[in-house]
Each structure stands twice: as structure tokens, then as C-alpha cells.
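Asker: Following this line is input-v7.txt, made up of compact mmCIF, C-alpha atoms and all ligand atoms:
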```txt
# COMPACT_ATOMS: atom_id res chain seq x y z
CA MET A 158 54.52 124.80 99.20
CA THR A 159 53.20 121.36 98.36
CA ARG A 160 54.64 119.56 95.37
CA VAL A 161 53.56 116.14 94.12
CA LEU A 162 55.37 113.79 91.76
CA THR A 163 52.84 111.50 90.12
CA GLY A 164 52.72 108.48 87.86
CA ALA A 165 56.22 107.06 88.24
CA THR A 166 57.10 103.57 89.39
CA LEU A 167 58.37 104.06 92.93
CA VAL A 168 61.30 102.06 94.28
CA ASP A 169 61.39 103.43 97.80
CA GLY A 170 64.72 102.05 99.06
CA THR A 171 63.22 99.89 101.81
CA GLY A 172 63.35 96.73 99.73
CA ALA A 173 59.57 96.79 99.19
CA ALA A 174 58.35 95.79 95.72
CA PRO A 175 58.18 98.66 93.20
CA VAL A 176 54.84 100.53 93.22
CA ALA A 177 53.45 101.35 89.77
CA ASP A 178 51.62 104.66 89.22
CA ALA A 179 52.82 106.12 92.51
CA ALA A 180 52.68 109.57 94.05
CA VAL A 181 55.13 111.30 96.37
CA VAL A 182 53.79 114.31 98.24
CA ILE A 183 56.35 116.90 99.37
CA ASP A 184 55.68 119.71 101.80
CA GLY A 185 58.62 122.10 101.98
CA ASP A 186 61.72 119.96 102.31
CA ARG A 187 60.08 116.74 103.56
CA ILE A 188 58.03 113.89 102.18
CA THR A 189 54.56 113.84 103.74
CA ALA A 190 53.23 110.80 101.88
CA ALA A 191 54.39 108.21 99.36
CA GLY A 192 52.67 105.22 97.78
CA ALA A 193 50.09 104.22 95.19
CA ARG A 194 48.60 107.36 93.64
CA GLY A 195 45.03 106.17 94.07
CA ALA A 196 45.47 105.83 97.83
CA LEU A 197 46.82 109.38 98.37
CA SER A 198 45.33 112.86 98.27
CA TRP A 199 46.77 116.37 98.32
CA GLN A 200 45.74 119.99 98.32
CA GLN A 201 44.16 121.33 95.16
CA ASP A 202 46.73 124.08 94.75
CA ALA A 203 49.69 121.70 94.96
CA GLU A 204 52.17 121.79 92.12
CA VAL A 205 51.80 118.45 90.33
CA ILE A 206 54.74 117.15 88.31
CA ASP A 207 53.78 114.34 85.97
CA VAL A 208 56.58 111.78 85.78
CA ARG A 209 54.63 108.95 84.16
CA GLY A 210 56.73 106.24 82.56
CA ARG A 211 59.72 107.04 84.76
CA THR A 212 61.24 105.38 87.83
CA LEU A 213 61.48 107.30 91.09
CA ILE A 214 64.20 106.31 93.55
CA PRO A 215 65.65 107.86 96.71
CA GLY A 216 68.57 110.24 96.25
CA LEU A 217 71.69 108.11 95.91
CA ILE A 218 74.39 108.04 98.60
CA ASP A 219 78.10 107.36 98.19
CA ALA A 220 79.55 106.25 101.52
CA HIS A 221 83.16 106.72 100.39
CA ASP A 222 84.28 109.41 97.99
CA HIS A 223 87.18 111.84 97.74
CA LEU A 224 85.52 114.78 96.07
CA ALA A 225 88.58 117.04 96.13
CA SER A 226 90.93 114.41 94.66
CA HIS A 227 91.56 114.73 90.96
CA GLY A 228 94.23 112.16 90.16
CA TYR A 229 96.81 109.79 91.63
CA GLY A 230 99.84 111.65 90.25
CA ILE A 231 102.13 112.95 92.96
CA ALA A 232 102.05 116.56 91.68
CA THR A 233 98.25 116.53 91.74
CA ARG A 234 98.12 114.93 95.18
CA PHE A 235 100.59 117.42 96.60
CA GLY A 236 98.68 120.31 95.00
CA LEU A 237 101.62 121.37 92.81
CA ASP A 238 100.30 121.19 89.27
CA GLU A 239 97.77 124.01 89.34
CA PRO A 240 96.81 127.00 91.50
CA ALA A 241 94.82 126.15 94.62
CA SER A 242 91.96 128.32 93.33
CA THR A 243 91.80 126.31 90.10
CA ALA A 244 91.74 123.05 92.05
CA HIS A 245 88.97 124.38 94.31
CA LEU A 246 86.86 125.38 91.30
CA ARG A 247 87.45 121.93 89.83
CA THR A 248 86.19 120.45 93.10
CA ALA A 249 83.12 122.72 92.96
CA ARG A 250 82.34 121.40 89.50
CA VAL A 251 82.70 117.80 90.71
CA LEU A 252 80.27 118.55 93.56
CA ALA A 253 77.70 119.96 91.12
CA GLU A 254 78.11 117.11 88.65
CA THR A 255 77.89 114.46 91.36
CA LEU A 256 74.60 115.94 92.57
CA ALA A 257 73.30 116.13 88.99
CA MET A 258 73.97 112.39 88.65
CA GLY A 259 71.49 111.78 91.47
CA TYR A 260 73.95 111.61 94.38
CA THR A 261 72.27 113.76 97.00
CA SER A 262 74.48 112.65 99.93
CA VAL A 263 78.17 111.84 99.96
CA ARG A 264 80.59 110.91 102.71
CA ASP A 265 84.02 112.27 101.91
CA GLY A 266 86.86 110.08 103.15
CA GLY A 267 89.44 112.86 103.25
CA GLY A 268 90.84 115.75 101.27
CA LEU A 269 87.73 117.92 101.10
CA ASP A 270 87.82 120.84 103.50
CA ALA A 271 84.71 121.86 105.41
CA GLY A 272 84.45 125.15 103.53
CA PHE A 273 82.82 123.29 100.63
CA LYS A 274 80.06 122.13 102.94
CA VAL A 275 79.53 125.73 104.07
CA ALA A 276 79.44 126.90 100.44
CA ILE A 277 76.76 124.32 99.59
CA GLU A 278 74.68 125.13 102.67
CA GLN A 279 74.86 128.84 101.82
CA GLY A 280 73.85 128.17 98.21
CA LEU A 281 77.11 129.49 96.73
CA ILE A 282 77.57 126.24 94.82
CA GLN A 283 75.50 123.15 94.12
CA GLY A 284 76.45 119.87 95.71
CA PRO A 285 75.33 116.87 97.75
CA ARG A 286 74.77 116.82 101.50
CA LEU A 287 78.22 116.18 102.87
CA VAL A 288 79.60 114.12 105.70
CA CYS A 289 83.24 115.17 105.85
CA GLY A 290 86.25 113.23 107.09
CA ILE A 291 88.70 116.12 106.41
CA GLN A 292 92.00 114.16 106.54
CA ILE A 293 93.04 110.52 106.98
CA VAL A 294 94.39 109.95 110.50
CA SER A 295 97.35 107.56 110.48
CA PRO A 296 100.74 107.03 112.14
CA THR A 297 104.04 107.91 110.48
CA GLY A 298 104.32 105.71 107.40
CA GLY A 299 100.56 105.14 107.17
CA ILE A 300 98.44 106.34 104.27
CA GLY A 301 97.74 109.70 105.92
CA ASP A 302 101.49 110.38 105.93
CA ARG A 303 102.09 112.02 102.59
CA VAL A 304 105.55 111.09 101.36
CA SER A 305 106.78 111.00 97.78
CA PRO A 306 108.60 107.96 96.35
CA SER A 307 111.82 109.96 96.81
CA GLY A 308 111.12 110.12 100.53
CA HIS A 309 110.23 113.79 100.56
CA THR A 310 107.29 114.97 102.60
CA CYS A 311 104.71 117.22 101.06
CA CYS A 312 106.14 120.67 100.32
CA ALA A 313 102.82 122.44 99.85
CA VAL A 314 101.84 125.30 102.12
CA TYR A 315 100.13 124.28 105.34
CA ASP A 316 96.34 124.57 105.07
CA PRO A 317 94.61 124.97 108.47
CA LEU A 318 91.42 123.52 106.99
CA LEU A 319 93.29 120.29 106.17
CA PRO A 320 95.47 120.01 109.27
CA ASN A 321 98.21 117.49 109.95
CA SER A 322 96.67 114.07 110.52
CA VAL A 323 99.76 112.02 111.41
CA ALA A 324 100.01 110.98 115.06
CA ASN A 325 101.97 108.42 117.08
CA GLY A 326 101.00 107.24 120.56
CA PRO A 327 97.54 107.35 122.17
CA ASP A 328 97.76 110.93 123.45
CA ALA A 329 98.87 112.35 120.13
CA VAL A 330 96.14 110.36 118.37
CA ARG A 331 93.51 111.87 120.67
CA GLY A 332 94.90 115.30 119.88
CA VAL A 333 94.64 114.76 116.13
CA VAL A 334 91.05 113.52 116.44
CA ARG A 335 90.21 116.75 118.29
CA THR A 336 91.99 118.75 115.62
CA MET A 337 89.94 117.07 112.89
CA VAL A 338 86.73 117.80 114.74
CA ARG A 339 87.80 121.43 115.16
CA ALA A 340 88.41 121.59 111.40
CA GLY A 341 84.84 120.40 110.78
CA ALA A 342 85.05 116.60 110.66
CA ASP A 343 81.64 114.91 110.81
CA VAL A 344 83.32 111.51 110.80
CA ILE A 345 86.85 110.40 111.65
CA LYS A 346 88.62 108.72 108.76
CA THR A 347 91.54 106.52 109.67
CA ALA A 348 93.60 103.73 108.16
CA THR A 349 95.07 100.69 109.90
CA THR A 350 96.59 99.08 106.79
CA GLY A 351 98.10 100.16 103.51
CA GLY A 352 96.10 99.84 100.30
CA ALA A 353 96.46 99.06 96.62
CA SER A 354 97.86 102.48 95.75
CA SER A 355 99.89 103.16 98.89
CA ARG A 356 103.67 103.35 98.73
CA PRO A 357 105.74 100.19 98.16
CA GLY A 358 106.46 98.66 101.56
CA HIS A 359 103.06 99.56 103.01
CA GLY A 360 100.61 97.24 101.31
CA PRO A 361 97.12 95.86 102.00
CA LEU A 362 98.33 93.45 104.71
CA ASP A 363 100.78 95.83 106.41
CA ALA A 364 99.53 97.26 109.69
CA ALA A 365 99.41 100.84 110.93
CA PHE A 366 98.51 101.87 114.52
CA SER A 367 98.80 99.75 117.65
CA PRO A 368 95.76 98.47 119.58
CA GLU A 369 96.33 101.23 122.19
CA GLU A 370 96.44 103.95 119.53
CA MET A 371 93.27 102.69 117.85
CA GLN A 372 91.43 102.41 121.17
CA ALA A 373 92.36 106.03 121.85
CA LEU A 374 91.19 107.06 118.38
CA VAL A 375 87.84 105.29 118.58
CA GLY A 376 87.25 106.33 122.19
CA GLU A 377 87.94 110.00 121.48
CA SER A 378 85.90 110.00 118.26
CA HIS A 379 82.89 108.46 119.95
CA ALA A 380 83.24 110.79 122.94
CA LEU A 381 82.98 113.67 120.46
CA GLY A 382 79.96 112.09 118.73
CA ARG A 383 81.79 111.05 115.57
CA ARG A 384 81.75 107.66 113.91
CA VAL A 385 84.99 106.09 112.71
CA MET A 386 85.37 104.97 109.10
CA CYS A 387 88.47 102.83 108.86
CA HIS A 388 90.39 101.99 105.71
CA ALA A 389 91.50 98.40 106.38
CA LEU A 390 92.17 95.78 103.74
CA GLY A 391 93.39 92.79 105.72
CA GLY A 392 95.83 91.21 108.14
CA PRO A 393 96.67 92.36 111.67
CA GLY A 394 95.68 95.99 110.98
CA LEU A 395 92.16 94.90 110.11
CA ASP A 396 92.07 92.89 113.33
CA VAL A 397 93.17 95.92 115.39
CA ALA A 398 90.47 98.10 113.78
CA LEU A 399 87.66 95.64 114.50
CA LYS A 400 88.74 95.03 118.09
CA ALA A 401 88.95 98.78 118.71
CA GLY A 402 85.29 99.11 117.68
CA VAL A 403 85.36 101.15 114.46
CA ASP A 404 81.96 101.79 112.85
CA SER A 405 82.79 100.80 109.29
CA ILE A 406 85.50 98.90 107.45
CA GLU A 407 86.36 100.59 104.17
CA HIS A 408 87.57 98.37 101.30
CA GLY A 409 87.84 95.19 103.47
CA CYS A 410 89.40 93.23 100.61
CA TYR A 411 90.66 90.32 102.74
CA LEU A 412 87.74 90.08 105.17
CA ASP A 413 87.06 86.52 104.03
CA VAL A 414 90.44 85.27 105.32
CA ASN A 415 89.60 85.27 109.04
CA PRO A 416 86.03 83.98 109.67
CA GLU A 417 85.96 85.85 113.00
CA HIS A 418 86.14 89.22 111.26
CA LEU A 419 82.84 89.13 109.36
CA LYS A 420 81.17 87.35 112.22
CA ARG A 421 82.16 90.17 114.55
CA MET A 422 80.90 92.73 112.03
CA ALA A 423 77.54 90.97 111.79
CA ASP A 424 77.24 90.70 115.58
CA GLU A 425 78.20 94.33 116.20
CA GLY A 426 76.52 95.89 113.15
CA ILE A 427 79.81 97.18 111.76
CA PHE A 428 79.37 98.34 108.17
CA PHE A 429 81.34 96.97 105.23
CA VAL A 430 82.00 99.51 102.44
CA PRO A 431 83.65 97.44 99.71
CA THR A 432 84.59 100.09 97.02
CA LEU A 433 84.86 97.75 94.02
CA LEU A 434 84.96 100.39 91.29
CA VAL A 435 88.35 101.80 92.24
CA TYR A 436 90.07 98.43 92.07
CA GLY A 437 89.07 97.91 88.44
CA TYR A 438 91.10 101.05 87.86
CA HIS A 439 94.01 99.88 90.02
CA ARG A 440 94.14 96.48 88.27
CA GLU A 441 95.15 98.44 85.15
CA SER A 442 97.54 100.76 87.00
CA GLN A 443 100.79 101.94 85.44
CA SER A 444 102.55 101.14 88.73
CA PRO A 445 103.43 97.42 88.91
CA HIS A 446 103.12 97.18 92.72
CA VAL A 447 99.60 98.68 92.59
CA ARG A 448 98.51 96.39 89.76
CA VAL A 449 99.78 93.24 91.51
CA ARG A 450 98.09 94.11 94.79
CA ALA A 451 94.73 94.87 93.17
CA GLN A 452 94.80 91.69 91.09
CA ASP A 453 95.84 89.66 94.10
CA PHE A 454 92.88 90.46 96.33
CA GLN A 455 90.10 90.59 93.74
CA LYS A 456 88.89 87.03 94.47
CA HIS A 457 89.07 87.65 98.21
CA HIS A 458 87.15 90.88 97.89
CA ILE A 459 84.28 89.20 96.06
CA ALA A 460 84.30 86.25 98.48
CA SER A 461 84.19 88.76 101.34
CA ILE A 462 81.05 90.38 99.94
CA GLN A 463 79.35 87.03 99.43
CA ARG A 464 80.18 85.88 102.95
CA ALA A 465 79.05 89.24 104.36
CA LEU A 466 75.69 88.85 102.60
CA GLU A 467 75.29 85.34 104.05
CA LEU A 468 76.05 86.55 107.57
CA GLY A 469 73.94 89.69 107.36
CA VAL A 470 76.81 92.17 107.66
CA PRO A 471 75.42 95.60 106.70
CA ILE A 472 76.92 96.78 103.40
CA ALA A 473 77.06 100.31 102.03
CA ALA A 474 78.12 101.32 98.52
CA GLY A 475 81.24 103.42 98.26
CA THR A 476 83.32 104.24 95.24
CA ASP A 477 86.58 105.70 96.52
CA ALA A 478 86.08 108.08 93.60
CA GLY A 479 88.70 110.76 93.27
CA GLY A 480 91.91 109.58 91.73
CA HIS A 481 90.03 107.38 89.28
CA GLY A 482 87.59 110.02 88.15
CA HIS A 483 84.28 111.69 88.87
CA PRO A 484 81.27 111.41 88.82
CA LYS A 485 80.39 107.92 87.59
CA ASN A 486 79.69 106.81 91.16
CA ALA A 487 76.74 104.64 90.14
CA GLY A 488 79.17 102.28 88.40
CA GLU A 489 79.61 100.76 91.86
CA LEU A 490 76.07 99.34 91.77
CA GLN A 491 76.76 97.05 88.82
CA CYS A 492 80.02 95.98 90.51
CA LEU A 493 78.01 94.96 93.59
CA VAL A 494 75.62 92.94 91.42
CA ASP A 495 78.54 91.28 89.66
CA ALA A 496 79.88 90.37 93.13
CA GLY A 497 76.63 88.62 94.07
CA MET A 498 74.06 91.17 95.23
CA THR A 499 70.58 91.35 93.77
CA PRO A 500 69.84 94.66 92.00
CA MET A 501 67.50 95.58 94.87
CA GLN A 502 70.25 94.92 97.42
CA ALA A 503 72.71 97.00 95.41
CA LEU A 504 70.25 99.89 95.23
CA ARG A 505 69.65 99.69 98.98
CA ALA A 506 73.42 99.66 99.55
CA ALA A 507 73.47 103.07 97.84
CA THR A 508 70.33 104.41 99.57
CA GLN A 509 68.84 103.04 102.81
CA TRP A 510 71.88 101.08 103.96
CA ALA A 511 74.30 103.86 103.10
CA ALA A 512 72.12 106.28 105.07
CA GLN A 513 72.39 103.94 108.07
CA CYS A 514 76.16 103.80 107.62
CA LEU A 515 76.25 107.61 107.72
CA ALA A 516 73.84 107.76 110.71
CA LEU A 517 71.40 109.70 108.49
CA GLU A 518 68.71 107.04 108.21
CA ARG A 519 66.08 109.24 109.85
CA GLU A 520 66.74 111.95 107.26
CA VAL A 521 67.51 110.32 103.91
CA GLY A 522 67.89 107.00 102.09
CA THR A 523 64.24 106.04 101.61
CA VAL A 524 61.12 107.56 100.09
CA GLU A 525 58.93 107.51 103.18
CA GLN A 526 56.82 109.91 105.16
CA GLY A 527 59.03 112.20 107.25
CA ARG A 528 62.21 111.85 105.24
CA LEU A 529 63.85 114.77 103.45
CA ALA A 530 62.67 114.88 99.85
CA ASP A 531 65.90 113.71 98.20
CA LEU A 532 64.55 112.10 95.04
CA VAL A 533 65.73 111.04 91.61
CA VAL A 534 63.49 110.54 88.57
CA VAL A 535 65.11 108.23 86.02
CA ASN A 536 64.12 107.52 82.44
CA GLY A 537 64.54 103.74 82.59
CA ASN A 538 64.52 101.06 85.24
CA PRO A 539 67.73 100.95 87.29
CA LEU A 540 66.80 97.52 88.70
CA GLU A 541 66.96 96.12 85.15
CA ASP A 542 69.99 98.11 84.07
CA PHE A 543 72.13 100.23 86.37
CA GLY A 544 73.65 101.70 83.22
CA VAL A 545 70.74 104.18 83.16
CA LEU A 546 72.25 105.80 86.28
CA LEU A 547 75.47 106.49 84.37
CA ASP A 548 73.71 108.39 81.58
CA PRO A 549 73.19 112.06 82.51
CA ALA A 550 70.40 112.39 79.93
CA ARG A 551 68.37 109.78 81.80
CA ILE A 552 68.70 111.42 85.22
CA GLU A 553 65.78 113.72 84.46
CA LEU A 554 64.98 115.21 87.85
CA VAL A 555 67.02 115.50 91.01
CA LEU A 556 65.48 116.95 94.16
CA LYS A 557 67.44 117.68 97.31
CA GLY A 558 65.39 118.62 100.34
CA GLY A 559 62.38 119.23 98.09
CA ALA A 560 64.23 121.71 95.87
CA ILE A 561 64.71 120.85 92.21
CA CYS A 562 68.47 120.84 91.55
CA THR A 563 68.47 119.24 88.12
CA ASP A 564 65.64 119.25 85.57
CA ARG A 565 66.48 117.74 82.22
CA ARG A 566 62.88 117.03 81.25
CA ALA A 567 62.75 119.92 78.77
CA GLN A 568 65.71 118.45 76.89
CA VAL A 569 64.18 115.03 76.33
CA THR A 570 61.54 113.87 73.90
CA ARG A 571 58.59 112.59 75.86
ZN ZN B 1 89.36 106.44 100.55
```
What's the C-alpha cells form of this structure?

Answerer:
Amino acid sequence: MTRVLTGATLVDGTGAAPVADAAVVIDGDRITAAGARGALSWQQDAEVIDVRGRTLIPGLIDAHDHLASHGYGIATRFGLDEPASTAHLRTARVLAETLAMGYTSVRDGGGLDAGFKVAIEQGLIQGPRLVCGIQIVSPTGGIGDRVSPSGHTCCAVYDPLLPNSVANGPDAVRGVVRTMVRAGADVIKTATTGGASSRPGHGPLDAAFSPEEMQALVGESHALGRRVMCHALGGPGLDVALKAGVDSIEHGCYLDVNPEHLKRMADEGIFFVPTLLVYGYHRESQSPHVRVRAQDFQKHHIASIQRALELGVPIAAGTDAGGHGHPKNAGELQCLVDAGMTPMQALRAATQWAAQCLALEREVGTVEQGRLADLVVVNGNPLEDFGVLLDPARIELVLKGGAICTDRRAQVTR
């Protein structure tokens, strides 16, 4: 079936100037043509959807989410405060809401089991295309090692779909990477430093994993065709990650400190996924050690983004959503603008560049001939005000692979 969206202003994700009165022609699940309406033609029996006065953008992409995380409290994180079935249904609702907000692809940085991806592919539930990390691979004491402040390890029942991800020594690390892949990992998520919210004693500049362990992790991941997304904020752990050849640095709050780091990322095309939104939350944290850390690196984080832009380091938008709430993922775009990006750069960070980060650039991220028809029709101009992407009423149409997932046009006065 051919479907055509006509009349909108098209922002195609490539950085090209917006095209007024555009048309996007969709055949099945793919885009067959996109551009100025007057320059395109289509079959007479095509279904034409008039979206005049609206803006049409590529489906949005979050390069770093935790869709199955619903709070930072220890009981929630250990899965103790509600039945597993209730938590799973909560996750299913988050998946549906995230898609309805225009996020058609999401990379999950850990905690979401691969069964959700199966459920979406089989049409049991609605949700974005998923790239799953399954669990965070780390050594004992790293952020993948779930220990309570009392020193107790997680008491929840073992879940084979979220297998143990703690490993020490190169051989054990290789084994855990294979286990993650067996459990359905599309990407290997690891961490070579602590973070803002990690336990006291393992902060943003504290290292996890030796060079030998990280080389084993990256080597095994790449041998199995998986990219490595590495949580690394700063210090020697960040250095180890970059030298081992990870594919993206997540958070990267202290990247500005060592000039060699961003230079290496530019030279090697290593992605920077800053995740600014989550740190606004952590700066207000109830836990003093979290608050101090997040306040401490804020200036560095912004300087890192500005330096990365100057050097041409590829940047992808990620929210680290989960503990701090769903599904206001698009809040990250205004954060990126506040940090020094142009609105067009911020939009590309959440479309074309994020698709490149996920190795999906031939499938999604731009509105071009041959891409999957992941499209969002917005009432308003996101390039003038990213706030429109936070208002569900303004996200009028969401298409994923040519199928209409959300249609709020009937509810709005036109
Ligand atoms: Zn994360």
C-alpha cells in the first residue's frame, strides 16, 4: 500500500534546510521518495494524509535509556517493592508511551530483558525498535555489581534473561560477554568508572576493569558483531575504555580534562553520548554524595560537549531515563542546545547521529528514500521550541515502519 504525507514542513534529519510544503511517499514499510511536494508524484490510489501546517521529522532515537528502570530506590532496583508481573506491565506501558512521544528507536543500556523486544516484534505490545544491552558488565565493585548500602548483594530470584554480569579477569569477562549475547544483547554495555548515583567509594573518577579485561571485553564483543557502549565519566577508567577501542562513551562528564581523549574520539569516530537530563535530576538528589558529584562535573560536562563539537566528535542524544522518569526523553534536546548545540545539531543528535551510533543509519534516522518510514508529525516547530516534543497533544502522528502507531489528529482542533 502506498501512503503519502503531504503539506508539512520537512526537517529530514540530514541537516538540510527545512522544506516547506513537502511530501513523503511510503510504500509498505519504507520511504520511496521525500522532498518538495511539487517535485514528487505518486499513484492515484495512494492514501494521502494531509498534514499541512505541521512539521515532519524522523522518528526520534534515544541512544541511552533504561526502559525497565522505574526509580533509584534500592527496593525498586532490587525488584522487591512489587510483583515482577506488575513491574513488567509498568515497563510495557513505558514502552508504549515512549513510542507515542515520537521515539521510534531506543537503545537500552541495561535492565530490559530481550523478551520485551520479542513482544514488540510480535505485536503483543507497542514500543520502539530496541537495541538491547541486557545487563551492565563490570568487575566486582563496579556499577554492574548490585550491592546495597548495607553491603548485601541482591536477594531477588535469579532471572536467566538478566544473567549475572560481574566478571573479573579477561577469561571471565569474555564468558560474560558471550552470556549477554546468548541472552539477546544487541550491544554490550559496560562501565569502567563509577557515576553520580553509584555507591559511595566508587565515584565518577574511580576506575573499574584493567586494560587487559577491557581489551578482552571489546575484542570478544566485536568478534560477536556487537558494539560496546561504555559508561565512563572520567579519570583512568575513561582512559582504559578509549584505549581498548569502545564504540561510544556514555556520560563522558570529564572528557574535557585530558585533551587526548576527545582528540582520539574524533580521530577514531567514537561516539559521545552525554546524557545531560539525568544530571539535572541528580543535582537535586536526596543523597549528598550523588548531589555533590553531579554538581561538581556540570561545568566539565558542558565544556566537554563544546570541545567535542569543535573537534567533530560524533554526538548522540541519550537520556539515561529510568530512575528519573519516563518518557520525557525529548527534554535532552533542549539540554544539548543549552550546552552549545544549534537546534538542528540537537535534532540530528537524536535522529541521524543517534542512528549512526546504533549502527542503524541505513535503516532509520533520516527521512530519505530507502529508509524505514519512522516519522513524527508535530504541531509546532521543534527547531524553534523543543518544548513541543514534550507535549503529547502536539505529537499528532507517529509512524513506525510505515504503520501508524499514534494518531491524535482527531483530538485536536484543526
Ligand atoms: Zn545508563

Asker: Residues within 12 Å of ligand ZN 1 (chain B) (all atoms listed in the file), as JSON, numbers by chain?

Answerer: {"A": [219, 220, 221, 222, 223, 224, 225, 226, 264, 265, 266, 267, 268, 269, 289, 290, 291, 292, 293, 294, 300, 301, 346, 347, 348, 351, 352, 353, 354, 355, 386, 387, 388, 389, 390, 406, 407, 408, 409, 430, 431, 432, 433, 434, 435, 436, 475, 476, 477, 478, 479, 480, 481]}

Asker: Of the candidates A:Phe235, A:Phe429, A:Tyr229, A:Tyr260, which shows the shortest atom-to-atom distance to Val533 (chain A), using all atoms listed in the file?

Answerer: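 With all atoms listed in the file as the atom set, the closest residue is A:Tyr260.
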
Asker: Dump as a PyMOL selection string all residues having an atom at most 9 Å from (101.5, 125.4, 98.1), computed in the file's coordinates with only C-alpha atoms.

Answerer: chain A and resi 235-237+240-241+312-316

Asker: Could you work out how far CA of Arg250 (chain A) lies from CA of Gly284 (chain A), giving the answer in Å with one decimal?

Answerer: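 For CA of Gly284 (chain A) relative to CA of Arg250 (chain A), the distance reads 8.7 Å.
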
Asker: Counting only C-alpha atoms, select every polymer residue within 10 Å of (74.9, 89.6, 108.4) as defined in the file's coordinates, and provide the selection as a ChimeraX atom specification.

Answerer: /A:419-428,464-472

Asker: For a quick check of understanding, using only C-alpha atoms, which of A:Leu493, A:Met258, A:Val181, A:Leu162 has the smallest distance to Gly216 (chain A)?

Answerer: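 Checking each candidate against Gly216 (chain A), we get A:Met258 as the closest.
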
Asker: Between CA of Val524 (chain A) and CA of Thr166 (chain A), what is the spacing in Å?

Answerer: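 Going from CA of Thr166 (chain A) over to CA of Val524 (chain A), I get 12.1 Å.
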
Asker: Rank A:Gly298, A:Gly527, A:Gly522, A:Pro317 by their smallest atom-to-atom distance to Ala340 (chain A), using all atoms listed in the file, and report the top residue only.

Answerer: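 Closest residue, counting all atoms listed in the file: A:Pro317.
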
Asker: I want to know what sits within 7 Å of Ala324 (chain A), based on only C-alpha atoms, with residues of the same chain fewer than 2 positions away left out; could you give that as a list in words?

Answerer: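 Everything that qualifies: Ser295, Pro296, Thr297, Ser322, Gly326, Ala329, Val330 and Val333 of chain A.
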
Asker: May I ask you to restore N, CA and C atoms in region 439-452 of chain A and write the result as a short mmCIF file (atom, residue, chain, number, x, y, z; two decimals), in the coordinates of the input?

Answerer:
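Final output, saved to rebuild-v6.cif:
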```
data_model
loop_
_atom_site.label_atom_id
_atom_site.label_comp_id
_atom_site.auth_asym_id
_atom_site.auth_seq_id
_atom_site.Cartn_x
_atom_site.Cartn_y
_atom_site.Cartn_z
N HIS A 439 92.67 100.24 89.54
CA HIS A 439 94.01 99.88 90.02
C HIS A 439 94.56 98.61 89.36
N ARG A 440 93.66 97.71 88.94
CA ARG A 440 94.14 96.48 88.27
C ARG A 440 94.83 96.81 86.94
N GLU A 441 94.53 97.99 86.41
CA GLU A 441 95.15 98.44 85.15
C GLU A 441 96.23 99.49 85.40
N SER A 442 96.62 99.66 86.64
CA SER A 442 97.54 100.76 87.00
C SER A 442 98.87 100.68 86.26
N GLN A 443 99.45 101.86 86.03
CA GLN A 443 100.79 101.94 85.44
C GLN A 443 101.86 101.46 86.42
N SER A 444 101.56 101.54 87.73
CA SER A 444 102.55 101.14 88.73
C SER A 444 102.43 99.64 89.01
N PRO A 445 103.51 98.88 88.75
CA PRO A 445 103.43 97.42 88.91
C PRO A 445 102.97 96.99 90.31
N HIS A 446 103.47 97.66 91.36
CA HIS A 446 103.12 97.18 92.72
C HIS A 446 101.62 97.39 92.99
N VAL A 447 101.03 98.43 92.41
CA VAL A 447 99.60 98.68 92.59
C VAL A 447 98.78 97.62 91.84
N ARG A 448 99.21 97.35 90.61
CA ARG A 448 98.51 96.39 89.76
C ARG A 448 98.50 95.00 90.42
N VAL A 449 99.66 94.58 90.90
CA VAL A 449 99.78 93.24 91.51
C VAL A 449 98.88 93.13 92.74
N ARG A 450 98.92 94.15 93.58
CA ARG A 450 98.09 94.11 94.79
C ARG A 450 96.61 93.98 94.44
N ALA A 451 96.16 94.83 93.50
CA ALA A 451 94.73 94.87 93.17
C ALA A 451 94.29 93.56 92.52
N GLN A 452 95.15 92.97 91.72
CA GLN A 452 94.80 91.69 91.09
C GLN A 452 94.78 90.58 92.14
#
```
